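Taking it in order: structure first as structure tokens, then the write-up.
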Amino acid sequence: MKSSLTACPLDCYDACGLVYDEKKLKPLKIGHTNGFLCPHLNHYDKFERIEKPRFQGKEITMEEALLKLKELLAVEFKSDVLHYRGSGNFALMQEVTDHFFANFGATLTDGSLCDGAGEAGIIEGRGSNKNMPLSEIEKSDVIIFWGRNPHTTSSHILPLIKDKTIIVIDPVKTKIAQMADLHVQIKPHTDIYLALLLARFVYINDSLNEAFIEKYASEFEEYYELTQGVRIKATLEDIGVTLGDIGDILHMTIDKKVAIVCGVGIQKYRDGADVMRSIDAFAVSLGFFGKEGCGVAYLGNSKEGMSSPFETKAKRVSKVNTDFDAFETVFIQGANPLAQMPDSLRVKNALQKKQNIVYFGLYENETSAMADLVIPAKTFLEKNDIRTSYAHNGLMVMHKQIESTIGISEYDLAAYLCQAFDIELKAEEEYLQYFKNFGVKKINGCFEVENREAVPYQNGFDTADGEFVFLEEFETQQSEAEDEFNLITPKSSRSLNSQFHREKHLYIHPSHGYKDGEEIEISSQNGSVVLEVKNDNRLREDTVLIYSGTPGVNNLTSSKHSYEGKCAVFQENKVKIAKK
Ligand SMILES: Nc1nc2c(c(=O)[nH]1)N[C@H]1C(S)=C(S)[C@@H](COP(=O)(O)OP(=O)(O)OC[C@H]3O[C@@H](n4cnc5c(=O)[nH]c(N)nc54)[C@H](O)[C@@H]3O)O[C@H]1N2
Ligand SMILES: Nc1nc2c(c(=O)[nH]1)N[C@H]1C(S)=C(S)[C@@H](COP(=O)(O)OP(=O)(O)OC[C@H]3O[C@@H](n4cnc5c(=O)[nH]c(N)nc54)[C@H](O)[C@@H]3O)O[C@H]1N2
Ligand code: SF4
Ligand SMILES: [Mo]
């Protein structure tokens with residue numbers, strides 16, 4: 001019998017399990033999905049998709065599109081083909097095209113538009129990135145949401161934290177900040193100072209977890225000296241934190257089971273790795289690792305404990321500052337680089353010079369509009385797949401639910417190309433089975449990845465000597481000039497990056513005297529964009545907010561890399577604003 005079970009394919013912490021019943025998507029009642037979905041999946045069938053392939057604006061059949069694609073790949077040097085894959089669909093079979101392009105000899109990408117800086121910081125400190133899963137967060141007494149907006153980006157954590165003490169460290173008075181026991185409305189890009197000061201006061205107050213430090217963090221004394229480089233009074237004034245806040249955080253966390261739940265907000269900067277590592281160091285000072293209900297959660301590696309059946313060894317270029325110009329044919333899959341990569345004006349310039357741009361996706365957007373060849377994909381309901389998550393240990397099989405004549409699946413496209421260029425590819429079912437074999441059934445009926453620890457670091461860290469490696473220096477941040485604002489660009493509840501309902505406003509504190517709807521030009525050293533104002537008293541006066549997915553937001557951002565982790569730095573640039 002056909003299974004009605006599947007899972008949401010989107011790039012989201014929660015990776016909800018679904019049942020497709022009477023043509024409706026329903027949430028799985030068991031496990032982390034907890035019987036509810038978010039607006040994206042509740043309205044999934046309302047979003048208009050691309051139905052027909054086209055070449056240079058003219059509709060063609062899928063057979064013609066595949067032939068065209070084959071022609072576009074017949075270049076003199078195969079490495080002049082670039083395969084640029086984003087995270088529009090997070091399921092594991094998306095990678096089957098990497099297998100084709102790598103074996104073909106094309107260039108693939110590395111680097112990160114997302115969590116790479118934070119991940120690098122975690123690995124430097126702990127020797128690996130093993131995440132604290134939802135099932136452990138549920139056991140904590142206290143949750144610190146540090147640059148994470150759970151109501152928007154990870155709502156399935158909310159039922160688990162109901163009666164807990166909540167601390168929020170965020171420049172925006174988000175919903176969770178409004179409900180919290182303590183909200184520290186910190187100035188953007190200053191978390192490293194707060195984290196350094198917290199570790200320093202843990203020491204001064206004699207609250208160090210001595211037993212833990214002795215075993216797993218014996219360099220703490222040196223780190224303490226580093227924290228003394230922060231001038232207390234001047235720094236606190238500048239970053240919008242009081243000594244009282246620090247006292248409160250310590251009072252609420254010492255001797256408790258504490259989960260520090262971090263998001264990408266803290267690390268969209270060049271020194272993003274150091275910020276993450278300083279937060280880890282605070283957790284170390286109180287011994288929050290390796291214990292039930294304690295730890296630091298971030299975006300884990302969704303493939304942790306698994307290996308890949310695909311061969312994807314290839315020449316790679318960064319997906320942050322990709323030099324599209326250097327390629328003959330650019331194949332873009334599950335991504336909208338014209339909107340979502342930093343420094344959009346640079347990206348547009350580079351892509352405009354290219355003849356052969358192929359877009360393989362579901363929806364029309366800036367990138368499909370510029371592409372020569374557009375190939376519609378199948379939705380997750382029309383293909384077989386399997387997925388994991390970067391926040392929990394679930395492994396969900398996504399059974400095909402609908403037969404449709406629209407689009408082509410990633411496997412079928414790869415199979416066509418592999419045959420055309422004489423590259424070996426196994427049957428789809430073999431790959432799916434390979435992934436399924438990493439799963440084990442739990443008593444609640446859900447599957448999980450077998451080889452993941454629920455409580456990592458119980459026997460120390462994964463560094464050479466099992467000890468935490470502390471930061472040895474940090475960069476001093478420049479404050480914004482009088483006429484500049486900090487730009488933050490977090491996720492919107494209405495869109496999934498540039499999919500679904502995209503935002504179009506600049507959000508600013510009412511004290512600046514702009515009227516709602518007024519047009520404003522926002523500019524940075526990289527470019528400018530004109531947006532309508534929305535006044536928002538949840539913001540700090542020194543900060544403006546433009547959501548991810550807002551057309552033009554990345555005209556303002558820089559395509560520099562983070563110092564560590566090869567990651568984009570969407571909040572590095574300061575911006576100026578002027579009436580249009
Ligand atoms: N609805 C929805 N859900 C999504 C997505 C989406 O687009 N829409 N995108 C998905 C993806 S790709 C990802 S990576 C995740 C990310 O999800 P989150 O990790 O939650 O990331 P953001 O929304 O970017 O930022 C989280 C919070 O960080 C705050 N912040 C910004 N700058 C700073 C800072 O300097 N310091 C501190 N302390 N806080 C700061 C923001 O105000 C925001 O409240 O969400 C996923 N889920
Ligand atoms: N200013 C700013 N920029 C950001 C961010 C930010 O917070 N602020 N966030 C960054 C982050 S964290 C991320 S992860 C990136 C995300 O950036 P992208 O990976 O480019 O994500 P999307 O904008 O969601 O575009 C995904 C595309 O995938 C296609 N798609 C969906 N499902 C499928 C499928 O099954 N098959 C195929 N072939 N295509 C499919 C859709 O057509 C959609 O257009 O953006 C980054 N850019
Ligand atoms: S919360 Fe995340 S995983 Fe769940 S339905 Fe929404 S986008 Fe999908
Ligand atoms: Mo992301």
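Simple scheme: letters A, B, ... for chains in structure tokens order, numbers from 1 for residues in each chain, numbers from 1 for ligands in the order shown.
Selection of all polymer residues within 9 Å of ligand 3 on the basis of only C-alpha atoms and all ligand atoms gives Ala7, Cys8, Pro9, Leu10, Asp11, Cys12, Tyr13, Asp14, Ala15, Cys16, Gly17, Leu18, Pro27, Thr33, Phe36, Leu37, Cys38, Pro39, His40, Leu41, Asn42, Thr152, Thr153, Ser154, Ser155, His156, Ser389 and Leu496 of chain A.
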Would you list the residues that come within 7 Å of ligand 2? Count only C-alpha atoms and all ligand atoms and give the answer as a VMD selection string. chain A and resid 11 86 to 89 113 to 115 333 to 337 339 to 342 360 to 365 377 to 380 410 489 to 491 496 to 499 547 to 549 553 to 554 570
May I have the residues within 12 Å of range 348-358 of chain A as a PyMOL selection string, using only C-alpha atoms and disregarding those fewer than 3 positions away in the same chain? chain A and resi 53-56+65-66+68-75+80-85+321-345+361+366-376+552+554-555
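Nearest to ligand 1 of all the residues A:Glu484, A:Asp191, A:Glu59, A:Asp271 is A:Asp191, counting only C-alpha atoms and all ligand atoms.
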List every residue of range 407-455 of chain A that DSSP, applied to the backbone of this structure, places in strand (DSSP E), and write the result as a PDB file with all heavy atoms, in the first residue's frame.
```
ATOM      1  N   GLY A 439      18.645   5.078   9.600  1.00  0.00           N
ATOM      2  CA  GLY A 439      17.558   5.339  10.544  1.00  0.00           C
ATOM      3  C   GLY A 439      17.307   4.183  11.493  1.00  0.00           C
ATOM      4  O   GLY A 439      17.582   3.024  11.193  1.00  0.00           O
ATOM      5  N   VAL A 440      16.772   4.533  12.662  1.00  0.00           N
ATOM      6  CA  VAL A 440      16.360   3.513  13.612  1.00  0.00           C
ATOM      7  C   VAL A 440      15.013   3.968  14.193  1.00  0.00           C
ATOM      8  O   VAL A 440      14.807   5.156  14.442  1.00  0.00           O
ATOM      9  CB  VAL A 440      17.435   3.300  14.708  1.00  0.00           C
ATOM     10  CG1 VAL A 440      17.815   4.599  15.391  1.00  0.00           C
ATOM     11  CG2 VAL A 440      16.998   2.280  15.725  1.00  0.00           C
ATOM     12  N   LYS A 441      14.096   3.005  14.376  1.00  0.00           N
ATOM     13  CA  LYS A 441      12.752   3.382  14.840  1.00  0.00           C
ATOM     14  C   LYS A 441      12.734   3.559  16.358  1.00  0.00           C
ATOM     15  O   LYS A 441      13.262   2.738  17.102  1.00  0.00           O
ATOM     16  CB  LYS A 441      11.752   2.313  14.430  1.00  0.00           C
ATOM     17  CG  LYS A 441      10.317   2.802  14.460  1.00  0.00           C
ATOM     18  CD  LYS A 441       9.394   1.822  13.781  1.00  0.00           C
ATOM     19  CE  LYS A 441       7.992   2.399  13.689  1.00  0.00           C
ATOM     20  NZ  LYS A 441       7.122   1.574  12.875  1.00  0.00           N
ATOM     21  N   PHE A 447      11.309   7.755  13.166  1.00  0.00           N
ATOM     22  CA  PHE A 447      12.663   7.311  12.842  1.00  0.00           C
ATOM     23  C   PHE A 447      13.671   8.391  13.212  1.00  0.00           C
ATOM     24  O   PHE A 447      13.391   9.585  13.088  1.00  0.00           O
ATOM     25  CB  PHE A 447      12.779   7.000  11.346  1.00  0.00           C
ATOM     26  CG  PHE A 447      12.358   5.600  11.027  1.00  0.00           C
ATOM     27  CD1 PHE A 447      11.025   5.314  10.770  1.00  0.00           C
ATOM     28  CD2 PHE A 447      13.286   4.568  11.006  1.00  0.00           C
ATOM     29  CE1 PHE A 447      10.619   4.023  10.491  1.00  0.00           C
ATOM     30  CE2 PHE A 447      12.892   3.267  10.737  1.00  0.00           C
ATOM     31  CZ  PHE A 447      11.555   2.992  10.475  1.00  0.00           C
ATOM     32  N   GLU A 448      14.831   7.946  13.678  1.00  0.00           N
ATOM     33  CA  GLU A 448      15.916   8.904  13.962  1.00  0.00           C
ATOM     34  C   GLU A 448      17.209   8.418  13.335  1.00  0.00           C
ATOM     35  O   GLU A 448      17.370   7.222  13.084  1.00  0.00           O
ATOM     36  CB  GLU A 448      16.112   9.029  15.477  1.00  0.00           C
ATOM     37  CG  GLU A 448      15.048   9.881  16.118  1.00  0.00           C
ATOM     38  CD  GLU A 448      15.420  10.359  17.499  1.00  0.00           C
ATOM     39  OE1 GLU A 448      16.529  10.047  17.982  1.00  0.00           O
ATOM     40  OE2 GLU A 448      14.588  11.061  18.093  1.00  0.00           O
ATOM     41  N   VAL A 449      18.129   9.349  13.113  1.00  0.00           N
ATOM     42  CA  VAL A 449      19.458   8.958  12.653  1.00  0.00           C
ATOM     43  C   VAL A 449      20.114   8.212  13.812  1.00  0.00           C
ATOM     44  O   VAL A 449      20.147   8.710  14.944  1.00  0.00           O
ATOM     45  CB  VAL A 449      20.305  10.199  12.285  1.00  0.00           C
ATOM     46  CG1 VAL A 449      21.680   9.773  11.781  1.00  0.00           C
ATOM     47  CG2 VAL A 449      19.587  11.050  11.249  1.00  0.00           C
TER      48      VAL A 449
END
```
